[in-house]
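Next comes upload_4.cif, with mmCIF, C-alpha atoms.
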```
data_my_file
#
loop_
_atom_site.group_PDB
_atom_site.id
_atom_site.type_symbol
_atom_site.label_atom_id
_atom_site.label_comp_id
_atom_site.auth_asym_id
_atom_site.auth_seq_id
_atom_site.Cartn_x
_atom_site.Cartn_y
_atom_site.Cartn_z
ATOM 1 C CA MET O 233 -74.283 116.235 -264.692
ATOM 2 C CA THR O 234 -76.601 113.228 -264.760
ATOM 3 C CA ARG O 235 -77.666 111.449 -261.607
ATOM 4 C CA THR O 236 -75.824 108.277 -262.638
ATOM 5 C CA ALA O 237 -72.594 110.162 -263.189
ATOM 6 C CA GLY O 238 -72.987 111.887 -259.844
ATOM 7 C CA VAL O 239 -73.541 108.628 -257.972
ATOM 8 C CA GLU O 240 -70.552 107.025 -259.679
ATOM 9 C CA GLY O 241 -68.415 110.010 -258.736
ATOM 10 C CA LEU O 242 -69.520 109.622 -255.139
ATOM 11 C CA VAL O 243 -68.523 105.979 -254.808
ATOM 12 C CA GLN O 244 -65.440 106.018 -257.024
ATOM 13 C CA ARG O 245 -63.463 108.633 -255.057
ATOM 14 C CA GLU O 246 -62.341 106.067 -252.485
ATOM 15 C CA VAL O 247 -63.637 102.577 -251.899
ATOM 16 C CA ARG O 248 -63.019 102.909 -248.173
ATOM 17 C CA SER O 249 -64.425 106.405 -247.706
ATOM 18 C CA PRO O 250 -68.090 105.553 -248.369
ATOM 19 C CA ARG O 251 -67.816 102.575 -246.049
ATOM 20 C CA SER O 252 -66.203 104.767 -243.376
ATOM 21 C CA ALA O 253 -69.031 107.302 -243.623
ATOM 22 C CA ALA O 254 -71.641 104.561 -243.455
ATOM 23 C CA LEU O 255 -70.109 102.823 -240.452
ATOM 24 C CA ALA O 256 -69.582 106.116 -238.605
ATOM 25 C CA GLY O 257 -73.177 107.139 -239.318
ATOM 26 C CA ILE O 258 -74.548 103.800 -238.135
ATOM 27 C CA LEU O 259 -72.453 103.989 -234.960
ATOM 28 C CA PHE O 260 -73.654 107.539 -234.265
ATOM 29 C CA SER O 261 -77.292 106.571 -234.854
ATOM 30 C CA LEU O 262 -77.087 103.657 -232.443
ATOM 31 C CA LEU O 263 -75.246 105.585 -229.729
ATOM 32 C CA ILE O 264 -77.314 108.787 -229.788
ATOM 33 C CA GLY O 265 -80.523 106.786 -230.226
ATOM 34 C CA ALA O 266 -79.668 104.660 -227.195
ATOM 35 C CA SER O 267 -78.825 107.794 -225.190
ATOM 36 C CA MET O 268 -82.142 109.431 -226.088
ATOM 37 C CA ILE O 269 -84.044 106.271 -225.175
ATOM 38 C CA LEU O 270 -82.263 105.925 -221.835
ATOM 39 C CA LEU O 271 -83.147 109.521 -220.909
ATOM 40 C CA ARG O 272 -86.486 109.633 -222.732
ATOM 41 C CA THR O 273 -88.411 110.344 -219.518
ATOM 42 C CA GLY O 274 -86.309 113.471 -219.047
ATOM 43 C CA ALA O 275 -87.722 114.800 -222.304
ATOM 44 C CA VAL O 276 -91.355 114.424 -221.287
ATOM 45 C CA VAL O 277 -91.351 114.849 -217.530
ATOM 46 C CA ASP O 278 -92.489 118.174 -216.103
ATOM 47 C CA PRO O 279 -89.358 119.589 -214.431
ATOM 48 C CA ALA O 280 -91.496 120.750 -211.509
ATOM 49 C CA GLU O 281 -92.411 117.104 -210.783
ATOM 50 C CA ILE O 282 -88.822 115.946 -210.265
ATOM 51 C CA ASP O 283 -88.300 114.164 -206.948
ATOM 52 C CA THR O 284 -85.872 111.750 -205.332
ATOM 53 C CA GLU O 285 -87.698 108.748 -206.775
ATOM 54 C CA TRP O 286 -87.227 110.007 -210.345
ATOM 55 C CA LEU O 287 -83.580 110.888 -209.737
ATOM 56 C CA ASP O 288 -82.859 107.472 -208.239
ATOM 57 C CA ALA O 289 -84.561 105.724 -211.157
ATOM 58 C CA GLN O 290 -82.609 107.677 -213.783
ATOM 59 C CA SER O 291 -79.154 107.662 -212.172
ATOM 60 C CA SER O 292 -77.948 104.442 -213.796
ATOM 61 C CA SER O 293 -79.256 105.519 -217.215
ATOM 62 C CA ALA O 294 -77.482 108.864 -216.932
ATOM 63 C CA ALA O 295 -74.201 107.111 -216.126
ATOM 64 C CA VAL O 296 -74.478 105.038 -219.309
ATOM 65 C CA VAL O 297 -75.340 108.096 -221.411
ATOM 66 C CA LEU O 298 -72.274 109.965 -220.155
ATOM 67 C CA VAL O 299 -70.142 107.105 -221.487
ATOM 68 C CA LEU O 300 -71.930 106.843 -224.854
ATOM 69 C CA ILE O 301 -72.196 110.511 -225.840
ATOM 70 C CA PRO O 302 -68.472 111.245 -226.401
ATOM 71 C CA PHE O 303 -68.223 108.312 -228.802
ATOM 72 C CA ALA O 304 -71.419 109.424 -230.535
ATOM 73 C CA GLY O 305 -69.860 112.859 -231.051
ATOM 74 C CA ILE O 306 -66.660 111.378 -232.474
ATOM 75 C CA ALA O 307 -68.627 109.147 -234.846
ATOM 76 C CA PHE O 308 -70.753 112.086 -236.001
ATOM 77 C CA LEU O 309 -67.711 114.253 -236.728
ATOM 78 C CA TRP O 310 -66.215 111.367 -238.702
ATOM 79 C CA PHE O 311 -69.473 110.948 -240.624
ATOM 80 C CA THR O 312 -69.561 114.676 -241.416
ATOM 81 C CA GLY O 313 -65.932 114.793 -242.500
ATOM 82 C CA VAL O 314 -66.186 111.786 -244.782
ATOM 83 C CA MET O 315 -69.440 113.069 -246.298
ATOM 84 C CA ARG O 316 -67.607 116.265 -247.283
ATOM 85 C CA ASP O 317 -64.659 114.297 -248.611
ATOM 86 C CA LEU O 318 -66.960 112.186 -250.768
ATOM 87 C CA LEU O 319 -68.225 115.268 -252.576
ATOM 88 C CA GLY O 320 -64.676 116.451 -253.222
ATOM 89 C CA ALA O 321 -64.469 119.130 -255.902
ATOM 90 C CA LEU O 322 -68.237 118.911 -256.444
ATOM 91 C CA GLU O 323 -69.111 120.609 -253.166
ATOM 92 C CA ASP O 324 -70.253 124.212 -253.007
ATOM 93 C CA LYS O 325 -68.138 126.153 -250.497
ATOM 94 C CA PHE O 326 -71.079 128.050 -249.018
ATOM 95 C CA PHE O 327 -73.278 125.024 -248.314
ATOM 96 C CA ALA O 328 -70.236 122.960 -247.314
ATOM 97 C CA THR O 329 -69.300 125.572 -244.704
ATOM 98 C CA VAL O 330 -72.845 125.636 -243.317
ATOM 99 C CA PHE O 331 -72.895 121.828 -243.297
ATOM 100 C CA LEU O 332 -69.601 121.574 -241.399
ATOM 101 C CA GLY O 333 -70.442 124.399 -239.001
ATOM 102 C CA SER O 334 -73.856 123.008 -238.106
ATOM 103 C CA GLY O 335 -72.322 119.567 -237.599
ATOM 104 C CA ILE O 336 -69.786 120.944 -235.124
ATOM 105 C CA ILE O 337 -72.517 122.866 -233.277
ATOM 106 C CA LEU O 338 -74.602 119.689 -233.073
ATOM 107 C CA VAL O 339 -71.745 117.849 -231.393
ATOM 108 C CA VAL O 340 -71.228 120.731 -228.944
ATOM 109 C CA MET O 341 -74.932 120.711 -228.043
ATOM 110 C CA MET O 342 -74.884 116.936 -227.568
ATOM 111 C CA PHE O 343 -72.049 117.372 -225.089
ATOM 112 C CA VAL O 344 -73.833 120.238 -223.304
ATOM 113 C CA TRP O 345 -77.037 118.171 -223.130
ATOM 114 C CA ALA O 346 -75.199 115.214 -221.607
ATOM 115 C CA SER O 347 -73.213 117.481 -219.278
ATOM 116 C CA ALA O 348 -76.398 119.049 -217.915
ATOM 117 C CA PHE O 349 -77.762 115.645 -216.968
ATOM 118 C CA GLY O 350 -74.355 114.559 -215.687
ATOM 119 C CA ALA O 351 -74.043 117.623 -213.457
ATOM 120 C CA MET O 352 -77.575 117.140 -212.153
ATOM 121 C CA PHE O 353 -77.130 113.496 -211.196
ATOM 122 C CA GLY O 354 -73.594 114.108 -209.928
ATOM 123 C CA THR O 355 -74.891 116.838 -207.631
ATOM 124 C CA TYR O 356 -77.700 114.600 -206.391
ATOM 125 C CA GLN O 357 -75.333 111.745 -205.609
ATOM 126 C CA ALA O 358 -72.928 114.096 -203.827
ATOM 127 C CA VAL O 359 -75.200 116.314 -201.706
ATOM 128 C CA GLY O 360 -78.761 115.429 -202.699
ATOM 129 C CA GLY O 361 -79.858 114.658 -199.158
ATOM 130 C CA ALA O 362 -78.511 117.942 -197.818
ATOM 131 C CA LEU O 363 -80.430 120.179 -200.233
ATOM 132 C CA ASP O 364 -83.482 122.038 -198.969
ATOM 133 C CA ASP O 365 -85.259 122.035 -202.335
ATOM 134 C CA PHE O 366 -84.937 120.653 -205.845
ATOM 135 C CA ASP O 367 -84.720 123.933 -207.745
ATOM 136 C CA ILE O 368 -81.275 123.093 -209.109
ATOM 137 C CA PHE O 369 -82.558 119.796 -210.522
ATOM 138 C CA ILE O 370 -85.608 121.481 -212.024
ATOM 139 C CA TYR O 371 -83.359 124.050 -213.708
ATOM 140 C CA ALA O 372 -80.957 121.406 -215.046
ATOM 141 C CA THR O 373 -83.773 119.307 -216.510
ATOM 142 C CA ALA O 374 -85.470 122.306 -218.136
ATOM 143 C CA PHE O 375 -82.103 123.433 -219.535
ATOM 144 C CA ALA O 376 -81.324 119.999 -220.999
ATOM 145 C CA ASN O 377 -84.800 119.735 -222.514
ATOM 146 C CA GLN O 378 -84.415 123.145 -224.161
ATOM 147 C CA ILE O 379 -81.053 122.162 -225.646
ATOM 148 C CA MET O 380 -82.259 118.900 -227.143
ATOM 149 C CA GLY O 381 -85.892 119.778 -227.835
ATOM 150 C CA SER O 382 -85.385 123.141 -229.492
ATOM 151 C CA TYR O 383 -81.839 124.118 -230.437
ATOM 152 C CA PHE O 384 -80.505 120.666 -231.291
ATOM 153 C CA LEU O 385 -83.417 119.940 -233.626
ATOM 154 C CA ARG O 386 -83.124 123.298 -235.378
ATOM 155 C CA MET O 387 -79.407 122.846 -235.956
ATOM 156 C CA ALA O 388 -80.132 119.321 -237.173
ATOM 157 C CA SER O 389 -82.514 120.948 -239.641
ATOM 158 C CA VAL O 390 -79.762 123.295 -240.873
ATOM 159 C CA TYR O 391 -77.420 120.309 -241.168
ATOM 160 C CA MET O 392 -79.923 118.375 -243.292
ATOM 161 C CA LEU O 393 -80.959 121.365 -245.401
ATOM 162 C CA SER O 394 -77.344 122.176 -246.256
ATOM 163 C CA ILE O 395 -76.429 118.625 -247.279
ATOM 164 C CA GLY O 396 -79.761 118.361 -249.097
ATOM 165 C CA SER O 397 -78.864 121.496 -251.057
ATOM 166 C CA LEU O 398 -75.467 120.014 -251.922
ATOM 167 C CA TRP O 399 -77.143 116.812 -253.084
ATOM 168 C CA THR O 400 -79.604 118.801 -255.188
ATOM 169 C CA ARG O 401 -76.806 120.727 -256.896
ATOM 170 C CA THR O 402 -74.476 117.768 -257.444
ATOM 171 C CA LYS O 403 -77.080 115.002 -257.938
ATOM 172 C CA VAL O 404 -74.884 112.497 -256.120
ATOM 173 C CA VAL O 405 -77.860 110.764 -254.481
ATOM 174 C CA PRO O 406 -81.290 109.782 -255.809
ATOM 175 C CA ARG O 407 -83.999 112.413 -255.703
ATOM 176 C CA TRP O 408 -86.074 110.431 -253.181
ATOM 177 C CA LEU O 409 -83.332 110.695 -250.543
ATOM 178 C CA THR O 410 -83.093 114.461 -251.035
ATOM 179 C CA ILE O 411 -86.875 114.782 -250.727
ATOM 180 C CA VAL O 412 -86.922 112.715 -247.522
ATOM 181 C CA THR O 413 -84.167 114.939 -246.145
ATOM 182 C CA TYR O 414 -86.169 118.106 -246.805
ATOM 183 C CA LEU O 415 -89.377 116.576 -245.425
ATOM 184 C CA VAL O 416 -87.651 115.832 -242.133
ATOM 185 C CA ALA O 417 -85.626 119.058 -241.957
ATOM 186 C CA VAL O 418 -88.346 121.664 -242.558
ATOM 187 C CA PRO O 419 -90.642 120.609 -239.654
ATOM 188 C CA PHE O 420 -87.594 120.537 -237.373
ATOM 189 C CA LEU O 421 -86.803 124.138 -238.265
ATOM 190 C CA LEU O 422 -90.355 125.435 -237.857
ATOM 191 C CA PHE O 423 -91.855 123.299 -235.078
ATOM 192 C CA ALA O 424 -88.901 121.981 -233.065
ATOM 193 C CA GLY O 425 -90.328 122.925 -229.680
ATOM 194 C CA ALA O 426 -93.546 121.003 -230.313
ATOM 195 C CA LEU O 427 -91.852 117.878 -231.706
ATOM 196 C CA ARG O 428 -90.133 116.355 -228.706
ATOM 197 C CA TRP O 429 -90.466 112.752 -229.821
ATOM 198 C CA ALA O 430 -89.436 113.739 -233.356
ATOM 199 C CA ARG O 431 -85.839 114.063 -232.151
ATOM 200 C CA PHE O 432 -85.510 110.342 -232.885
ATOM 201 C CA LEU O 433 -85.990 111.107 -236.586
ATOM 202 C CA PHE O 434 -82.548 112.689 -236.862
ATOM 203 C CA PRO O 435 -80.547 109.574 -235.910
ATOM 204 C CA ALA O 436 -82.997 107.599 -238.066
ATOM 205 C CA TRP O 437 -82.160 109.883 -241.010
ATOM 206 C CA VAL O 438 -78.413 109.455 -240.441
ATOM 207 C CA LEU O 439 -78.980 105.696 -240.316
ATOM 208 C CA LEU O 440 -80.917 105.818 -243.600
ATOM 209 C CA VAL O 441 -78.156 107.786 -245.342
ATOM 210 C CA SER O 442 -75.512 105.452 -243.932
ATOM 211 C CA ILE O 443 -77.293 102.315 -245.112
ATOM 212 C CA PHE O 444 -77.798 103.856 -248.561
ATOM 213 C CA ILE O 445 -74.081 104.665 -248.851
ATOM 214 C CA LEU O 446 -73.157 101.172 -247.664
ATOM 215 C CA ILE O 447 -75.439 99.547 -250.250
ATOM 216 C CA LEU O 448 -74.151 101.896 -252.949
ATOM 217 C CA ASN O 449 -70.556 101.050 -252.119
ATOM 218 C CA TYR O 450 -71.325 97.317 -252.131
ATOM 219 C CA ARG O 451 -73.028 97.513 -255.524
ATOM 220 C CA TYR O 452 -70.137 99.482 -256.993
ATOM 221 C CA LYS O 453 -67.601 96.936 -255.761
ATOM 222 C CA ARG O 454 -69.660 94.109 -257.245
ATOM 223 C CA GLU O 455 -69.916 95.906 -260.595
ATOM 224 C CA ARG O 456 -66.204 96.654 -260.615
ATOM 225 C CA GLN O 457 -65.361 93.028 -259.885
ATOM 226 C CA GLY O 458 -67.651 91.985 -262.731
ATOM 227 C CA ASP O 459 -65.933 94.395 -265.114
ATOM 228 C CA GLU O 460 -62.518 93.072 -264.096
ATOM 229 C CA GLU O 461 -63.634 89.489 -264.718
ATOM 230 C CA LEU O 462 -64.930 90.428 -268.173
ATOM 231 C CA THR O 463 -61.635 92.161 -268.947
ATOM 232 C CA LEU O 464 -59.672 89.067 -267.944
ATOM 233 C CA GLU O 465 -61.876 86.847 -270.098
ATOM 234 C CA VAL O 466 -61.319 89.093 -273.099
#
```

Would you mind giving the structure from this file in C-alpha coordinates?
Amino acid sequence: MTRTAGVEGLVQREVRSPRSAALAGILFSLLIGASMILLRTGAVVDPAEIDTEWLDAQSSSAAVVLVLIPFAGIAFLWFTGVMRDLLGALEDKFFATVFLGSGIILVVMMFVWASAFGAMFGTYQAVGGALDDFDIFIYATAFANQIMGSYFLRMASVYMLSIGSLWTRTKVVPRWLTIVTYLVAVPFLLFAGALRWARFLFPAWVLLVSIFILILNYRYKRERQGDEELTLEV
(Lines of atoms letter the chains of each structure in order from A and count residues from 1; the text may use other names and numbers.)
(Lines give C-alpha, C1' and ligand atoms only; values in the text may rest on other atoms or scores of the structure.)
Protein backbone atom coordinates (compact mmCIF):
# COMPACT_ATOMS: atom_id res chain seq x y z
CA MET A 1 0.00 0.00 0.00
CA THR A 2 1.40 3.40 -0.94
CA ARG A 3 1.50 6.28 1.50
CA THR A 4 -0.97 8.28 -0.59
CA ALA A 5 -3.46 5.44 -0.64
CA GLY A 6 -3.09 5.00 3.10
CA VAL A 7 -3.71 8.67 3.82
CA GLU A 8 -6.75 8.71 1.55
CA GLY A 9 -8.11 5.65 3.32
CA LEU A 10 -7.66 7.41 6.64
CA VAL A 11 -9.65 10.51 5.71
CA GLN A 12 -12.26 8.88 3.49
CA ARG A 13 -13.71 6.51 6.11
CA GLU A 14 -15.84 9.26 7.65
CA VAL A 15 -15.63 12.99 7.12
CA ARG A 16 -16.65 13.61 10.72
CA SER A 17 -14.43 11.01 12.37
CA PRO A 18 -11.07 12.69 11.63
CA ARG A 19 -12.47 16.00 12.83
CA SER A 20 -13.78 14.33 16.00
CA ALA A 21 -10.37 12.81 16.73
CA ALA A 22 -8.65 16.13 16.11
CA LEU A 23 -11.00 18.14 18.30
CA ALA A 24 -10.87 15.55 21.10
CA GLY A 25 -7.07 15.49 20.93
CA ILE A 26 -6.83 19.28 21.01
CA LEU A 27 -9.22 19.43 23.98
CA PHE A 28 -7.21 16.79 25.85
CA SER A 29 -3.93 18.58 25.14
CA LEU A 30 -5.25 21.88 26.45
CA LEU A 31 -6.86 20.39 29.56
CA ILE A 32 -4.01 18.10 30.65
CA GLY A 33 -1.44 20.75 29.73
CA ALA A 34 -3.25 23.32 31.85
CA SER A 35 -3.49 20.83 34.73
CA MET A 36 0.24 20.08 34.57
CA ILE A 37 1.07 23.78 34.49
CA LEU A 38 -1.19 24.56 37.44
CA LEU A 39 0.50 21.85 39.54
CA ARG A 40 3.96 22.21 38.00
CA THR A 41 5.54 23.10 41.36
CA GLY A 42 4.32 19.78 42.73
CA ALA A 43 6.48 18.03 40.16
CA VAL A 44 9.70 19.77 41.16
CA VAL A 45 9.28 20.51 44.84
CA ASP A 46 11.07 18.27 47.33
CA PRO A 47 8.23 16.54 49.23
CA ALA A 48 10.18 17.01 52.46
CA GLU A 49 9.96 20.80 52.00
CA ILE A 50 6.15 20.92 51.94
CA ASP A 51 4.71 23.37 54.47
CA THR A 52 1.52 25.31 55.09
CA GLU A 53 2.65 28.15 52.83
CA TRP A 54 3.04 25.80 49.85
CA LEU A 55 -0.28 24.08 50.55
CA ASP A 56 -2.10 27.41 50.81
CA ALA A 57 -0.55 28.63 47.56
CA GLN A 58 -1.51 25.49 45.63
CA SER A 59 -5.03 24.94 46.99
CA SER A 60 -6.82 27.01 44.35
CA SER A 61 -4.81 25.40 41.54
CA ALA A 62 -5.63 21.93 42.82
CA ALA A 63 -9.34 22.77 42.85
CA VAL A 64 -9.19 23.77 39.18
CA VAL A 65 -7.25 20.64 38.24
CA LEU A 66 -9.84 18.40 39.90
CA VAL A 67 -12.46 19.94 37.61
CA LEU A 68 -10.36 19.71 34.42
CA ILE A 69 -8.97 16.18 34.71
CA PRO A 70 -12.24 14.22 34.24
CA PHE A 71 -12.94 16.08 31.01
CA ALA A 72 -9.35 15.52 29.88
CA GLY A 73 -9.83 11.79 30.45
CA ILE A 74 -13.08 11.74 28.47
CA ALA A 75 -11.48 13.64 25.59
CA PHE A 76 -8.50 11.28 25.56
CA LEU A 77 -10.71 8.18 25.45
CA TRP A 78 -12.64 9.75 22.57
CA PHE A 79 -9.38 10.54 20.77
CA THR A 80 -8.18 6.95 21.24
CA GLY A 81 -11.45 5.43 20.09
CA VAL A 82 -11.70 7.54 16.97
CA MET A 83 -8.04 6.91 16.11
CA ARG A 84 -8.79 3.17 16.14
CA ASP A 85 -11.94 3.67 14.11
CA LEU A 86 -10.02 5.63 11.48
CA LEU A 87 -7.73 2.67 10.84
CA GLY A 88 -10.70 0.34 10.46
CA ALA A 89 -9.79 -2.95 8.80
CA LEU A 90 -6.19 -1.78 8.38
CA GLU A 91 -5.35 -2.07 12.07
CA ASP A 92 -3.31 -4.94 13.45
CA LYS A 93 -5.15 -6.58 16.36
CA PHE A 94 -2.05 -6.97 18.51
CA PHE A 95 -0.87 -3.36 18.29
CA ALA A 96 -4.47 -2.11 18.42
CA THR A 97 -5.01 -3.98 21.69
CA VAL A 98 -1.82 -2.55 23.19
CA PHE A 99 -2.80 0.92 21.96
CA LEU A 100 -6.27 0.72 23.52
CA GLY A 101 -5.04 -0.86 26.74
CA SER A 102 -2.29 1.69 27.29
CA GLY A 103 -4.76 4.50 26.57
CA ILE A 104 -7.15 3.23 29.24
CA ILE A 105 -4.28 2.86 31.74
CA LEU A 106 -3.19 6.43 30.99
CA VAL A 107 -6.64 7.74 31.84
CA VAL A 108 -6.69 5.70 35.07
CA MET A 109 -3.30 7.11 36.09
CA MET A 110 -4.43 10.65 35.30
CA PHE A 111 -7.36 10.15 37.65
CA VAL A 112 -5.14 8.62 40.36
CA TRP A 113 -2.67 11.51 39.99
CA ALA A 114 -5.43 14.09 40.38
CA SER A 115 -7.04 12.14 43.22
CA ALA A 116 -3.77 12.08 45.17
CA PHE A 117 -3.52 15.86 45.01
CA GLY A 118 -7.24 16.20 45.71
CA ALA A 119 -7.02 14.00 48.80
CA MET A 120 -3.97 15.89 50.04
CA PHE A 121 -5.51 19.34 49.73
CA GLY A 122 -8.89 18.10 50.96
CA THR A 123 -7.24 16.71 54.08
CA TYR A 124 -5.35 19.95 54.65
CA GLN A 125 -8.48 22.06 54.35
CA ALA A 126 -10.39 19.74 56.69
CA VAL A 127 -7.92 19.05 59.52
CA GLY A 128 -4.63 20.62 58.46
CA GLY A 129 -4.29 22.71 61.60
CA ALA A 130 -4.87 19.73 63.87
CA LEU A 131 -2.10 17.56 62.41
CA ASP A 132 1.14 17.18 64.35
CA ASP A 133 3.30 16.71 61.26
CA PHE A 134 3.11 16.81 57.48
CA ASP A 135 4.06 13.21 56.75
CA ILE A 136 0.74 12.53 55.03
CA PHE A 137 1.27 15.47 52.67
CA ILE A 138 4.84 14.42 51.95
CA TYR A 139 3.63 10.91 51.09
CA ALA A 140 0.81 12.18 48.86
CA THR A 141 3.13 14.49 46.92
CA ALA A 142 5.78 11.80 46.44
CA PHE A 143 3.08 9.35 45.34
CA ALA A 144 1.61 11.78 42.79
CA ASN A 145 5.06 12.62 41.44
CA GLN A 146 5.85 8.92 40.98
CA ILE A 147 2.59 8.35 39.10
CA MET A 148 3.06 11.22 36.68
CA GLY A 149 6.86 11.32 36.48
CA SER A 150 7.52 7.62 35.99
CA TYR A 151 4.54 5.39 35.26
CA PHE A 152 2.45 7.85 33.26
CA LEU A 153 5.36 8.69 30.95
CA ARG A 154 6.23 5.04 30.38
CA MET A 155 2.65 4.15 29.52
CA ALA A 156 2.56 7.20 27.25
CA SER A 157 5.61 5.71 25.56
CA VAL A 158 3.80 2.39 25.04
CA TYR A 159 0.80 4.29 23.68
CA MET A 160 2.96 6.16 21.16
CA LEU A 161 5.05 3.14 20.19
CA SER A 162 1.94 1.06 19.49
CA ILE A 163 0.25 3.69 17.32
CA GLY A 164 3.61 4.39 15.67
CA SER A 165 3.88 0.70 14.80
CA LEU A 166 0.36 0.76 13.34
CA TRP A 167 1.26 3.81 11.28
CA THR A 168 4.43 2.12 10.05
CA ARG A 169 2.53 -0.97 8.94
CA THR A 170 -0.41 0.84 7.35
CA LYS A 171 1.39 3.98 6.10
CA VAL A 172 -1.64 6.13 6.90
CA VAL A 173 0.50 9.09 8.01
CA PRO A 174 3.68 10.61 6.59
CA ARG A 175 6.96 9.08 7.68
CA TRP A 176 8.05 12.25 9.51
CA LEU A 177 5.14 11.98 11.96
CA THR A 178 6.00 8.35 12.71
CA ILE A 179 9.65 9.29 13.28
CA VAL A 180 8.68 12.13 15.63
CA THR A 181 6.47 9.70 17.53
CA TYR A 182 9.32 7.24 18.04
CA LEU A 183 11.77 10.00 18.99
CA VAL A 184 9.47 11.14 21.77
CA ALA A 185 8.39 7.66 22.90
CA VAL A 186 11.77 5.94 23.31
CA PRO A 187 13.26 8.46 25.81
CA PHE A 188 10.02 8.29 27.80
CA LEU A 189 10.37 4.52 28.10
CA LEU A 190 14.04 4.54 29.07
CA PHE A 191 14.51 7.76 31.07
CA ALA A 192 11.05 8.66 32.40
CA GLY A 193 12.19 9.25 35.97
CA ALA A 194 14.83 11.77 34.89
CA LEU A 195 12.56 13.67 32.48
CA ARG A 196 10.09 15.43 34.73
CA TRP A 197 9.59 18.46 32.51
CA ALA A 198 9.37 16.20 29.45
CA ARG A 199 5.87 15.18 30.53
CA PHE A 200 4.65 18.23 28.61
CA LEU A 201 5.83 16.58 25.39
CA PHE A 202 3.02 14.03 25.49
CA PRO A 203 0.14 16.53 25.27
CA ALA A 204 2.24 18.41 22.71
CA TRP A 205 2.47 15.21 20.64
CA VAL A 206 -1.30 14.64 20.86
CA LEU A 207 -1.79 18.25 19.78
CA LEU A 208 0.55 17.74 16.80
CA VAL A 209 -1.31 14.61 15.68
CA SER A 210 -4.65 16.34 16.12
CA ILE A 211 -3.64 19.37 14.07
CA PHE A 212 -2.26 17.09 11.34
CA ILE A 213 -5.54 15.15 11.16
CA LEU A 214 -7.53 18.39 11.09
CA ILE A 215 -5.44 19.78 8.23
CA LEU A 216 -5.65 16.46 6.39
CA ASN A 217 -9.42 16.39 6.73
CA TYR A 218 -9.70 20.00 5.53
CA ARG A 219 -7.55 19.32 2.47
CA TYR A 220 -9.56 16.22 1.60
CA LYS A 221 -12.84 18.13 1.81
CA ARG A 222 -11.44 20.87 -0.42
CA GLU A 223 -10.24 18.32 -2.98
CA ARG A 224 -13.57 16.51 -2.93
CA GLN A 225 -15.45 19.76 -3.46
CA GLY A 226 -13.16 20.54 -6.38
CA ASP A 227 -13.81 17.13 -7.92
CA GLU A 228 -17.56 17.61 -7.55
CA GLU A 229 -17.38 21.00 -9.26
CA LEU A 230 -15.41 19.51 -12.15
CA THR A 231 -17.97 16.71 -12.47
CA LEU A 232 -20.82 19.22 -12.62
CA GLU A 233 -19.02 21.25 -15.28
CA VAL A 234 -18.52 18.15 -17.41

Excluding region 299-314 of chain O and its own-chain neighbours fewer than 2 positions away, which residues fall within 6 Å of it when counting only C-alpha atoms? Please give them as a PyMOL selection string. chain O and resi 253+256-257+260+263-264+296-297+316-317+339

Take the PyMOL selection byres ((chain O and resi 414-421) around 9), apply it to the structure above, and return the hits as a ChimeraX atom specification. /O:382,385-393,396,409-413,422-425,427,430-431,433-434,437

In Å, with one decimal, what is the gap from CA of Tyr450 (chain O) to CA of Phe432 (chain O)? 27.2 Å

Assuming the chain letters and numbering stay as they are in my file, what does the PyMOL selection byres ((chain O and resi 288) around 12) actually select? List them as a PDB file with C-alpha atoms, keeping the file's coordinate frame.
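Result saved to part.pdb:
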```pdb
ATOM      1  CA  ILE O 282     -88.822 115.946-210.265  1.00  0.00           C
ATOM      2  CA  ASP O 283     -88.300 114.164-206.948  1.00  0.00           C
ATOM      3  CA  THR O 284     -85.872 111.750-205.332  1.00  0.00           C
ATOM      4  CA  GLU O 285     -87.698 108.748-206.775  1.00  0.00           C
ATOM      5  CA  TRP O 286     -87.227 110.007-210.345  1.00  0.00           C
ATOM      6  CA  LEU O 287     -83.580 110.888-209.737  1.00  0.00           C
ATOM      7  CA  ALA O 289     -84.561 105.724-211.157  1.00  0.00           C
ATOM      8  CA  GLN O 290     -82.609 107.677-213.783  1.00  0.00           C
ATOM      9  CA  SER O 291     -79.154 107.662-212.172  1.00  0.00           C
ATOM     10  CA  SER O 292     -77.948 104.442-213.796  1.00  0.00           C
ATOM     11  CA  SER O 293     -79.256 105.519-217.215  1.00  0.00           C
ATOM     12  CA  ALA O 294     -77.482 108.864-216.932  1.00  0.00           C
ATOM     13  CA  ALA O 295     -74.201 107.111-216.126  1.00  0.00           C
ATOM     14  CA  MET O 352     -77.575 117.140-212.153  1.00  0.00           C
ATOM     15  CA  PHE O 353     -77.130 113.496-211.196  1.00  0.00           C
ATOM     16  CA  GLY O 354     -73.594 114.108-209.928  1.00  0.00           C
ATOM     17  CA  TYR O 356     -77.700 114.600-206.391  1.00  0.00           C
ATOM     18  CA  GLN O 357     -75.333 111.745-205.609  1.00  0.00           C
ATOM     19  CA  GLY O 360     -78.761 115.429-202.699  1.00  0.00           C
ATOM     20  CA  GLY O 361     -79.858 114.658-199.158  1.00  0.00           C
TER      21      GLY O 361
END
```

What's around Ser394 (chain O) at 9 Å? Count all atoms listed in the file, leave out sequence neighbours fewer than 5 positions away in its own chain, and write the answer as number ranges by chain. O: 327-331, 334, 389, 399

Atom pair CA of Met315 (chain O) + CA of Tyr383 (chain O), distance 23.0 Å

Do you have the CA of Val441 (chain O)-CA of Leu332 (chain O) distance handy?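 Computing the Euclidean distance for CA of Val441 (chain O) and CA of Leu332 (chain O) yields 16.7 Å.
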